[in-house]
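> Let me give you the structure first, and then I'll get to my questions.
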Amino acid sequence: MKKYFHYFLIFLPFLFTLNYFFTFQANVPFADDWSAINGLVLRFFYGNDGFLDKIGLIFAQCNEHREGFVALITLTQFWLFKTINYTSFNLIGILGSLGILMIFLSVLKDSKVNSKWAIPVSFLLFNASYYHNFYWPMSALQHNSVVFFVVLTLALLYYQKSIYYALFFGAMAIFTSGNGFLLFVAAVPLLKKYSKKDWLIWAIAGIILFLLYMYGYEKPVHRNSMLANILLIKELFLTGFAYLGAFSATNLPPSASFRIPLAIVLGVLIASLIVWQLVNAFTKYKEDSWYLFLGSIQLFILFTVGLYSLSRANLPLESVFESRYGINHFLILSSILLTLIPRLDTKIGFYFASMFSFFFFVASYFFHSVELLNFNHGNFAAAISDRGNLRDFYFHYPNGVKADLTKPTLTKPNELPKPLVNFTASLPSAGKYYNDVIKISFSQNFYKLPDNLETIYQKLKAKKVDGFVSTDFIFNWNVEKDHISFDSPNISLKTNRAEDSYYLVFRSPSIQPIVFTIHFQETDYRKQLKDPFHIYVRKTGGGVPFKMLPNGRYLANLYQVQEGRLLATNVKKEFDVNN
């Protein structure tokens, strides 16, 4: 009975995360989903490319990565169902995390370590700090999947399976995310029991795959050169240490002045601990495959941190806290925990590790709920706007004069060019491509809003509401030359359904309604503790830059969506955009 209870606890975090996912998700894209998913599908199936060019599309560069795995999943789905469903991509990300847990559980059993240690690993794995990887399709398919392929490849080498199986999944790692090629060096300790022939095959294959990855590689214009960053010695070390210790401060608000120093200090301690564990793994325990497996994971972590630092040393240190990197924080914590099992393998040690991981799990959902809600609702609002306007944004000339350089002009999928390398750069070409993909996707029914958001769109378009809600909160407006801002210190919200939120709707005679959400700033901790299965948030503030709006006169209205019903409020503001 005790054994089954352990298994229940092992899979409990996954079940909780799955329930959370289906409660707050919706089938909507975000950012480079439009290019790497929609743009790829339209070009691949409706473009005039030959066979080899289509193969090239699968492994084409998007920003700094070649995301072949993303492309294969996307194209397979559209080929089978003739539609694009982002929810399924997010679900694959969650299942990737489950796959990582299953691999760790299998290796734990094989190494004669009590499987109960998978309990703290599971609570560390399914934390909410990397919510992007559960609600942003591209991030889910890339960041979760590359970690899954890395851990799977190392597990195959741990079990001494055929070198060709390991090479296959190692190649999948490379063409899922750029740091995947680091696996081919990190895996070397596990190759000691393989033949010289296998060593040679592994080395040659790794070199060939790396050269294929770099062939025709184009440095994204919005990324600094690594050769320039390598001279930023201080920034390199600070970025690396902050990345290693970021888990400690990821649950703190961005306004907390000590979270970067805290991350750096703990990063130094973790780096020292990992180096100490690696020395032990490759000397004292060099014949123990379990320690070599964990050592290879930690080598991959250090190499990934080094590559990240080299490519991001010129960026603010705050970037290490980006949600999508949270899956790597799990690898850091879990590998350290598992390596320390011989020293923690007592009742007190197990309870300490379990309580730490449990509170980390709870805190992640408690403190990231407001970010998760803002992220999802921002995507919902953007999708509703895109549905009506068949475009997303406008563009400014460098001299500040507004010009519509991103107007979508294409009407057929076979007119669409190849997905762009510099898709997320602030370039007119990227903006026009983005808008062309949106226009074709909606007008040709390659993508449809989910029913709940389509209902909201139709009601906003027809100015038909389900009722009115009294506003007993303060809502302040401030209109400046280049933006409109707002704040509400006492507004609050309880979510019963994914789309429940407050939406700002800007109307002008020349365009369809443009929809924004108001970003909440705090979790209502007292209510959240009493009811963990809903999200309670309060206090809002934000603004809209006028470069996102065509010139004209606007009326802004605030609506509340509650349990799927569109409710009007008496909050409104008229203003002019002319810049």
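Ligands are numbered from 1 in the order shown, residues from 1 within each chain, and chains are lettered A, B, ... in the order they appear in the structure tokens.
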So that I can see what lies close to range 461-478 of chain A, please list as a PyMOL selection string the residues with an atom at most 6 Å from it, counting only C-alpha atoms and leaving out residues fewer than 3 positions away in the same chain.
chain A and resi 458+484-488+490-491+565-569
> List the spatial neighbours of Ser296 in chain A as an MDAnalysis selection string - criterion: any atom at most 8 Å away, only C-alpha atoms, same-chain residues fewer than 4 positions off excluded.
chainID A and resid 154 186:190 292 300
> Tell me, which residues of range 113-283 of chain A carry DSSP helix (DSSP H, G or I), written as a VMD selection string?
chain A and resid 115 to 125 128 to 130 132 to 135 137 to 158 163 to 174 178 to 186 188 to 191 196 to 214 226 to 229 233 to 244 246 to 248 259 to 282
> Please identify all polymer residues within 8 Å of range 302-305 of chain A, counting only C-alpha atoms, omitting same-chain residues fewer than 2 positions from it, and present them as an MDAnalysis selection string.
chainID A and resid 179 182 186 240 243:244 298:300 307:309
> Between A:Tyr325, A:Phe247, A:Tyr503, A:Tyr285, which one has atoms that come closest to Val146 in chain A, using only C-alpha atoms?
A:Tyr325
> What's the 8 Å shell around Asp32 in chain A, counting only C-alpha atoms, without same-chain residues fewer than 5 positions away, as number ranges by chain?
A: 37, 138, 423-424
> Generate a file of the selected residues that holds N, CA and C atoms, formatted as a short mmCIF file (atom, residue, chain, number, x, y, z; two decimals), in the first residue's frame.

data_model
loop_
_atom_site.label_atom_id
_atom_site.label_comp_id
_atom_site.auth_asym_id
_atom_site.auth_seq_id
_atom_site.Cartn_x
_atom_site.Cartn_y
_atom_site.Cartn_z
N ILE A 37 4.97 28.42 -36.90
CA ILE A 37 3.89 27.43 -37.02
C ILE A 37 3.01 27.76 -38.23
N MET A 138 5.23 27.59 -29.11
CA MET A 138 6.62 27.48 -29.54
C MET A 138 7.55 27.16 -28.37
N PHE A 423 12.34 37.17 -37.20
CA PHE A 423 10.91 37.39 -37.04
C PHE A 423 10.59 38.28 -35.86
N THR A 424 11.30 38.14 -34.75
CA THR A 424 10.97 38.93 -33.56
C THR A 424 11.72 40.25 -33.50
#
> Which is closest to Asn27 in chain A among A:Leu317, A:Ile511, A:Leu453, A:Ile264, if we use only C-alpha atoms?
A:Leu453
> Return the single residue from A:Leu269, A:Val437, A:Ala363, A:Ile341 that is closest to Arg391 in chain A, with distances computed using only C-alpha atoms.
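Of all the options, A:Val437 lies closest to Arg391 in chain A.
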> How far is it from CA of Leu558 in chain A to CA of Lys494 in chain A, in Å with one decimal?
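Distance between the two atoms: 16.6 Å.
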> Env of range 117-130 of chain A: 9 Å cut, atoms = only C-alpha atoms, seq-sep filter 6 positions within chain, self excluded. Answer as a PyMOL selection string.
chain A and resi 6-7+9-14+16-17+94+97-98+100-101+104-105+108+247+250-251+321-327+330-331+333-334+337-338+341+350+353-369+372
> Could you list, as a PyMOL selection string, every residue within 12 Å of Ile456 in chain A, counting only C-alpha atoms and ignoring same-chain residues fewer than 6 positions away?
chain A and resi 380-381+383-385+387-388+449-450+462-466+499-501+503+505+513+515+559-567
> So that I can check the surroundings of range 54-57 of chain A, please list as JSON, numbers by chain every protein, DNA and RNA residue that reaches within 9 Å of it, counting only C-alpha atoms and ignoring chain neighbours fewer than 6 positions away.
{"A": [40, 43, 44, 45, 68, 71, 418, 419]}
> May I ask which of the residues A:Leu75, A:Ala498, A:Ile260, A:Val544 is the closest one to Glu480 in chain A, counting only C-alpha atoms?
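Distance minimum relative to Glu480 in chain A lands on A:Val544.
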> Just asking: which residues within range 403-493 of chain A are strand (DSSP E or B) according to DSSP, as a list in words?
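Written out, the strand (DSSP E or B) residues of range 403-493 of chain A are Ala403, Gly467, Phe468, Asn476, Trp477, Asn478, Val479, His483, Ile484, Ser485, Phe486, Asp487, Ser488, Pro489, Asn490, Ile491, Ser492 and Leu493 of chain A.
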> Restricted to N, CA and C atoms, what would the selected residues look like written as an mmCIF file, in the first residue's frame?

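Writing done, so here's result_11.cif:
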data_model
loop_
_atom_site.group_PDB
_atom_site.id
_atom_site.type_symbol
_atom_site.label_atom_id
_atom_site.label_comp_id
_atom_site.auth_asym_id
_atom_site.auth_seq_id
_atom_site.Cartn_x
_atom_site.Cartn_y
_atom_site.Cartn_z
ATOM 1 N N ALA A 403 3.997 55.649 -40.132
ATOM 2 C CA ALA A 403 3.738 55.195 -41.496
ATOM 3 C C ALA A 403 3.324 53.739 -41.438
ATOM 4 N N GLY A 467 -25.090 42.293 -20.168
ATOM 5 C CA GLY A 467 -25.541 43.020 -18.995
ATOM 6 C C GLY A 467 -24.507 44.042 -18.576
ATOM 7 N N PHE A 468 -24.746 44.650 -17.437
ATOM 8 C CA PHE A 468 -23.855 45.675 -16.909
ATOM 9 C C PHE A 468 -23.396 45.271 -15.519
ATOM 10 N N ASN A 476 -8.295 55.340 -13.109
ATOM 11 C CA ASN A 476 -7.684 56.617 -13.504
ATOM 12 C C ASN A 476 -7.109 56.529 -14.915
ATOM 13 N N TRP A 477 -7.348 57.567 -15.722
ATOM 14 C CA TRP A 477 -6.804 57.659 -17.072
ATOM 15 C C TRP A 477 -5.769 58.780 -17.135
ATOM 16 N N ASN A 478 -4.789 58.613 -18.015
ATOM 17 C CA ASN A 478 -3.809 59.668 -18.253
ATOM 18 C C ASN A 478 -3.413 59.630 -19.726
ATOM 19 N N VAL A 479 -3.813 60.660 -20.474
ATOM 20 C CA VAL A 479 -3.536 60.711 -21.908
ATOM 21 C C VAL A 479 -2.327 61.604 -22.152
ATOM 22 N N HIS A 483 1.017 58.078 -25.703
ATOM 23 C CA HIS A 483 0.422 56.887 -25.096
ATOM 24 C C HIS A 483 -0.742 57.279 -24.195
ATOM 25 N N ILE A 484 -1.541 56.295 -23.856
ATOM 26 C CA ILE A 484 -2.573 56.452 -22.844
ATOM 27 C C ILE A 484 -2.285 55.432 -21.746
ATOM 28 N N SER A 485 -2.305 55.877 -20.503
ATOM 29 C CA SER A 485 -2.030 54.973 -19.390
ATOM 30 C C SER A 485 -3.211 54.963 -18.434
ATOM 31 N N PHE A 486 -3.231 53.976 -17.559
ATOM 32 C CA PHE A 486 -4.338 53.823 -16.624
ATOM 33 C C PHE A 486 -3.846 53.090 -15.388
ATOM 34 N N ASP A 487 -4.592 53.227 -14.308
ATOM 35 C CA ASP A 487 -4.333 52.426 -13.119
ATOM 36 C C ASP A 487 -5.615 52.347 -12.309
ATOM 37 N N SER A 488 -5.715 51.290 -11.532
ATOM 38 C CA SER A 488 -6.874 51.082 -10.666
ATOM 39 C C SER A 488 -6.388 50.385 -9.408
ATOM 40 N N PRO A 489 -6.239 51.119 -8.308
ATOM 41 C CA PRO A 489 -5.631 50.545 -7.102
ATOM 42 C C PRO A 489 -6.507 49.550 -6.357
ATOM 43 N N ASN A 490 -7.822 49.571 -6.597
ATOM 44 C CA ASN A 490 -8.687 48.693 -5.802
ATOM 45 C C ASN A 490 -9.536 47.742 -6.636
ATOM 46 N N ILE A 491 -9.196 47.558 -7.905
ATOM 47 C CA ILE A 491 -9.913 46.600 -8.740
ATOM 48 C C ILE A 491 -9.466 45.184 -8.394
ATOM 49 N N SER A 492 -10.361 44.210 -8.526
ATOM 50 C CA SER A 492 -10.010 42.815 -8.236
ATOM 51 C C SER A 492 -10.748 41.899 -9.200
ATOM 52 N N LEU A 493 -10.302 40.654 -9.274
ATOM 53 C CA LEU A 493 -10.884 39.697 -10.214
ATOM 54 C C LEU A 493 -10.738 38.281 -9.684
#
> Report the distance between CA of Leu410 in chain A and CA of Lys439 in chain A in Å, rounded to one decimal place.
7.9 Å
